[in-house]
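Contents: one structure, followed by commentary.
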Amino acid sequence: MANLIRSAKSGSDWSSNELLAFNIRVVDAGIVAFFNTTELPQPMVSTTILTSVDKPDGPLIKDDCLFFQYMKMVEKPRSSESGDNDFAAFLLRITNYDELDRVICQRTEISFPMVGQRVDAKVDVCLVNDLEFLLLVQGDKRVASYEDPEPQVIAEAIAAFYQNNLQRRLSGLQPLASKYIPAIAMIGTAPVFYRIPVTTMLLDALATASYPQEETTVLRFIPPVPNQERYQVDGMRPLANRRAILQCFEAFKAVIVRILCHGLKQRCI
C-alpha cells in the first residue's frame, strides 16, 4: 500500500483508493463498542411519526406534517440533493441536536492540506458550536456520480478536525493531537453512523503524501433493522426500521456530548 499513488483530491472526489493509500480501514461495531451502552434509548419524537407509515388524515402538528413531506420528497427517484440535505437537517432538529449553543448548518465549505495543496471538502449538513464542528452528515450522491459516500464523509471528518484545531489556536487553546469526529452518511432515508478518529499524524501523512504506519480504524454502525439486506432500499419506510433509526439518533447524540466533554474538559467540570 505504501507504493500507491497519492494525489491531492477534494473530499467529494475521495474513493476507497484514498482510504487504502492512507491506511484507513472501516470496521462494523456493535451497540456497546459504538454507543458505549448496552441498549438503545427510546426515540423522543411524536407517536404519529413512530406509528404511521404514511401521512395520516386529519390535522397534524407542524413537525409531523414536515416529516412525511420530506420522506415523500427524498423517496422520489432522483430526488434533489437539496431535498436530501433538508431532510437530514430536519431529523437533527426534531431529535434536538441543536440544543444549547449548537447550530445546524447546511452546505458548508471547509478545507485541509493534502499532498502539498489545500483541497476543499463540502459538508452537506453539520452541527457546530462557536468552537468546532461537532457532527457531519454526508448525503449519497451515487445517482449522479456512482461514488460511495463513506470515503467522502471520512475526508470531511479530516477537514473538520483540521479546522477545529485552527479555531482552537485562534481562541488561545492548545490544538488536539487526536479526536473522534462523529458523522452520518445518509443513503436516501437510511443513515449509517460513524466514529472517525483523526490525528495530527494522519494530517501530516496527507500533507506529505506518505503512508501512515499507524492504521486509522473507523467505527461504523448500521441500525439493527429486521432486514439488513434491504436497509438501503427501504430506509425509514418500515415502522420497525424507523424506530430503530430514531433510537440510533438518540444514542448518537449522547456520544457527541461525551466526545465534546472529553475534548473540552475544562468546560464540563
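Residue names in the C-alpha cells use chain letters A, B, ... in the order shown, residue numbers from 1 in each chain, and ligand numbers from 1 in the order shown.
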Quick one: residues within 9 Å of segment 248-258 of chain A, only C-alpha atoms, excluding same-chain residues fewer than 2 positions away - as a PDB file with C-alpha atoms, in the first residue's frame?
ATOM      1  CA  PHE A  34     -20.118   2.198  19.223  1.00  0.00           C
ATOM      2  CA  PHE A  35     -22.527   3.852  21.646  1.00  0.00           C
ATOM      3  CA  ASN A  36     -20.985   2.808  24.989  1.00  0.00           C
ATOM      4  CA  THR A  37     -24.336   1.429  26.094  1.00  0.00           C
ATOM      5  CA  LEU A  40     -30.565   1.889  22.552  1.00  0.00           C
ATOM      6  CA  PRO A  41     -32.738   4.622  24.120  1.00  0.00           C
ATOM      7  CA  GLN A  42     -36.328   5.233  23.118  1.00  0.00           C
ATOM      8  CA  PRO A  43     -36.804   7.836  20.364  1.00  0.00           C
ATOM      9  CA  MET A  44     -38.064  11.222  21.559  1.00  0.00           C
ATOM     10  CA  LEU A  91     -34.022  14.920  11.505  1.00  0.00           C
ATOM     11  CA  LEU A  92     -31.303  16.570  13.582  1.00  0.00           C
ATOM     12  CA  THR A  95     -34.212  14.899  17.685  1.00  0.00           C
ATOM     13  CA  ASN A  96     -32.925  18.042  19.445  1.00  0.00           C
ATOM     14  CA  TYR A  97     -29.330  18.014  18.272  1.00  0.00           C
ATOM     15  CA  LEU A 134     -19.474  18.504  16.291  1.00  0.00           C
ATOM     16  CA  LEU A 135     -21.154  16.309  13.670  1.00  0.00           C
ATOM     17  CA  ILE A 181     -15.321  13.122  14.650  1.00  0.00           C
ATOM     18  CA  PRO A 182     -18.930  11.814  14.647  1.00  0.00           C
ATOM     19  CA  PHE A 193     -23.321   6.185  11.666  1.00  0.00           C
ATOM     20  CA  PRO A 223     -29.028   0.409  12.624  1.00  0.00           C
ATOM     21  CA  ARG A 243     -37.969   3.210  15.306  1.00  0.00           C
ATOM     22  CA  ALA A 244     -34.502   1.621  15.209  1.00  0.00           C
ATOM     23  CA  ILE A 245     -33.071   4.536  13.201  1.00  0.00           C
ATOM     24  CA  LEU A 246     -34.521   7.172  15.523  1.00  0.00           C
ATOM     25  CA  LEU A 260     -17.297  17.190  23.277  1.00  0.00           C
ATOM     26  CA  CYS A 261     -16.714  16.932  27.008  1.00  0.00           C
ATOM     27  CA  HIS A 262     -13.591  14.838  26.517  1.00  0.00           C
ATOM     28  CA  GLY A 263     -12.085  17.486  24.219  1.00  0.00           C
TER      29      GLY A 263
END
### Task
Enumerate, as a PyMOL selection string, the complete set of residues in segment 61-267 of chain A that a backbone-based DSSP assignment places in helix (DSSP H, G or I).
chain A and resi 62-75+81-94+142-145+149-170+200-208+228-234+239-263+265-267
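Scanning segment 182-221 of chain A with DSSP on the backbone, the strand (DSSP E or B) assignments fall on A:Pro182, A:Ala183, A:Ile184, A:Ala185, A:Met186, A:Ile187, A:Ala190, A:Pro191, A:Val192, A:Phe193, A:Tyr194, A:Arg195, A:Ile196, A:Pro197, A:Val198, A:Thr199, A:Thr216, A:Thr217, A:Val218, A:Leu219, A:Arg220, A:Phe221.
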So that I have them on file, write out the residues from the current selection with C-alpha atoms, as a short mmCIF file (atom, residue, chain, number, x, y, z; two decimals), in the first residue's frame.
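What landed in result.cif:
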data_model
loop_
_atom_site.label_atom_id
_atom_site.label_comp_id
_atom_site.auth_asym_id
_atom_site.auth_seq_id
_atom_site.Cartn_x
_atom_site.Cartn_y
_atom_site.Cartn_z
CA PRO A 182 -18.93 11.81 14.65
CA ALA A 183 -20.50 11.53 11.21
CA ILE A 184 -23.52 10.16 9.37
CA ALA A 185 -23.84 9.06 5.74
CA MET A 186 -27.43 9.39 4.51
CA ILE A 187 -28.38 6.99 1.73
CA ALA A 190 -31.18 5.19 5.53
CA PRO A 191 -28.44 6.64 7.76
CA VAL A 192 -25.16 4.92 8.58
CA PHE A 193 -23.32 6.19 11.67
CA TYR A 194 -19.55 6.66 12.03
CA ARG A 195 -16.99 7.47 14.70
CA ILE A 196 -13.94 8.68 12.78
CA PRO A 197 -10.65 9.08 14.69
CA VAL A 198 -8.44 11.80 13.21
CA THR A 199 -4.91 12.52 14.41
CA THR A 216 -6.77 4.62 11.32
CA THR A 217 -9.74 2.43 12.29
CA VAL A 218 -13.11 4.00 11.61
CA LEU A 219 -16.09 2.55 13.51
CA ARG A 220 -19.29 2.11 11.52
CA PHE A 221 -22.74 1.31 12.87
#
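Considering only C-alpha atoms, the residue among A:Val53, A:Ser7, A:Ser16, A:Gly172 positioned nearest to Ala240 of chain A is A:Val53.
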Sort by chain and increasing residue number a table of all residues of segment 196-267 of chain A within 10 Å of segment 60-84 of chain A, each with its closest pair of atoms and their distance in Å to one decimal, counting only C-alpha atoms, and write it as CSV.
residue,atom,partner,partner_atom,distance
A:Val233,CA,A:Glu75,CA,9.5
A:Asp234,CA,A:Glu75,CA,9.3
A:Gly235,CA,A:Glu75,CA,9.1
A:Met236,CA,A:Met71,CA,8.2
A:Arg237,CA,A:Met71,CA,8.2
Requested write-out: N, CA and C atoms of the selected residues, as an mmCIF file, in the first residue's frame:
data_model
loop_
_atom_site.group_PDB
_atom_site.id
_atom_site.type_symbol
_atom_site.label_atom_id
_atom_site.label_comp_id
_atom_site.auth_asym_id
_atom_site.auth_seq_id
_atom_site.Cartn_x
_atom_site.Cartn_y
_atom_site.Cartn_z
ATOM 1 N N VAL A 233 -32.517 0.265 0.630
ATOM 2 C CA VAL A 233 -33.684 0.446 -0.240
ATOM 3 C C VAL A 233 -34.886 0.929 0.567
ATOM 4 N N ASP A 234 -35.140 0.276 1.692
ATOM 5 C CA ASP A 234 -36.338 0.577 2.482
ATOM 6 C C ASP A 234 -36.179 1.822 3.350
ATOM 7 N N GLY A 235 -34.988 2.039 3.880
ATOM 8 C CA GLY A 235 -34.759 3.188 4.737
ATOM 9 C C GLY A 235 -35.735 3.257 5.894
ATOM 10 N N MET A 236 -36.361 4.409 6.084
ATOM 11 C CA MET A 236 -37.294 4.629 7.187
ATOM 12 C C MET A 236 -38.726 4.229 6.864
ATOM 13 N N ARG A 237 -38.971 3.690 5.695
ATOM 14 C CA ARG A 237 -40.349 3.372 5.325
ATOM 15 C C ARG A 237 -40.987 2.348 6.271
#
### Task
Would you kindly return, as a list in words, each protein, DNA or RNA residue with an atom no farther than 10 Å from any atom of Gly11 of chain A, considering only C-alpha atoms and excluding same-chain residues fewer than 5 positions away?
Ile110, Ser111, Phe112, Val119, Asp120, Ala121, Lys122, Val123, Pro151, Gln152, Val153, Ile154, Ala155, Glu156, Ala157, Ile158 and Ala159 of chain A
Kindly export the residues of the current selection with C-alpha atoms, as a JSON list (two decimals), in the first residue's frame.
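Contents of the output file result-v2.json:
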[["chain", "number", "residue", "atom", "x", "y", "z"],
["A", 110, "ILE", "CA", -14.02, 23.83, 4.53],
["A", 111, "SER", "CA", -10.52, 22.75, 3.51],
["A", 112, "PHE", "CA", -7.49, 20.71, 4.56],
["A", 119, "VAL", "CA", -8.19, 20.95, -1.02],
["A", 120, "ASP", "CA", -11.83, 21.56, -0.24],
["A", 121, "ALA", "CA", -14.47, 19.49, 1.48],
["A", 122, "LYS", "CA", -18.12, 20.39, 1.10],
["A", 123, "VAL", "CA", -20.19, 19.28, 4.10],
["A", 151, "PRO", "CA", -14.80, 7.87, 1.80],
["A", 152, "GLN", "CA", -16.28, 11.33, 1.31],
["A", 153, "VAL", "CA", -17.54, 11.62, 4.88],
["A", 154, "ILE", "CA", -14.13, 10.43, 6.14],
["A", 155, "ALA", "CA", -12.42, 13.16, 4.12],
["A", 156, "GLU", "CA", -14.84, 15.69, 5.60],
["A", 157, "ALA", "CA", -14.02, 14.46, 9.12],
["A", 158, "ILE", "CA", -10.31, 15.03, 8.44],
["A", 159, "ALA", "CA", -11.10, 18.55, 7.21]]
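Using only C-alpha atoms, the shortest contact distance between Arg168 of chain A and any of A:Ile31, A:Ala21, A:Ile49, A:Leu131 is found at A:Leu131.
The spacing separating atom CA of Leu100 of chain A from atom CA of Ser171 of chain A amounts to 19.9 Å.
Distances here use only C-alpha atoms; by that measure, the residue among A:Gln106, A:Met114, A:Asp86, A:Leu127 closest to Leu206 of chain A is A:Met114.
The interatomic distance for the pair atom CA of Tyr211 of chain A and atom CA of Asn23 of chain A works out to 6.8 Å.
For the set A:Glu132, A:Asp98, A:Asp148, A:Asp204, the residue with the smallest atom-to-atom gap to Arg169 of chain A is A:Glu132, counting only C-alpha atoms.
Reported to one decimal place, the separation of atom CA of Ala89 of chain A from atom CA of Gly30 of chain A is 25.6 Å.
Across A:Pro224, A:Pro175, A:Pro149, A:Pro59, the tightest approach to Val137 of chain A is made by A:Pro149 when counting only C-alpha atoms.
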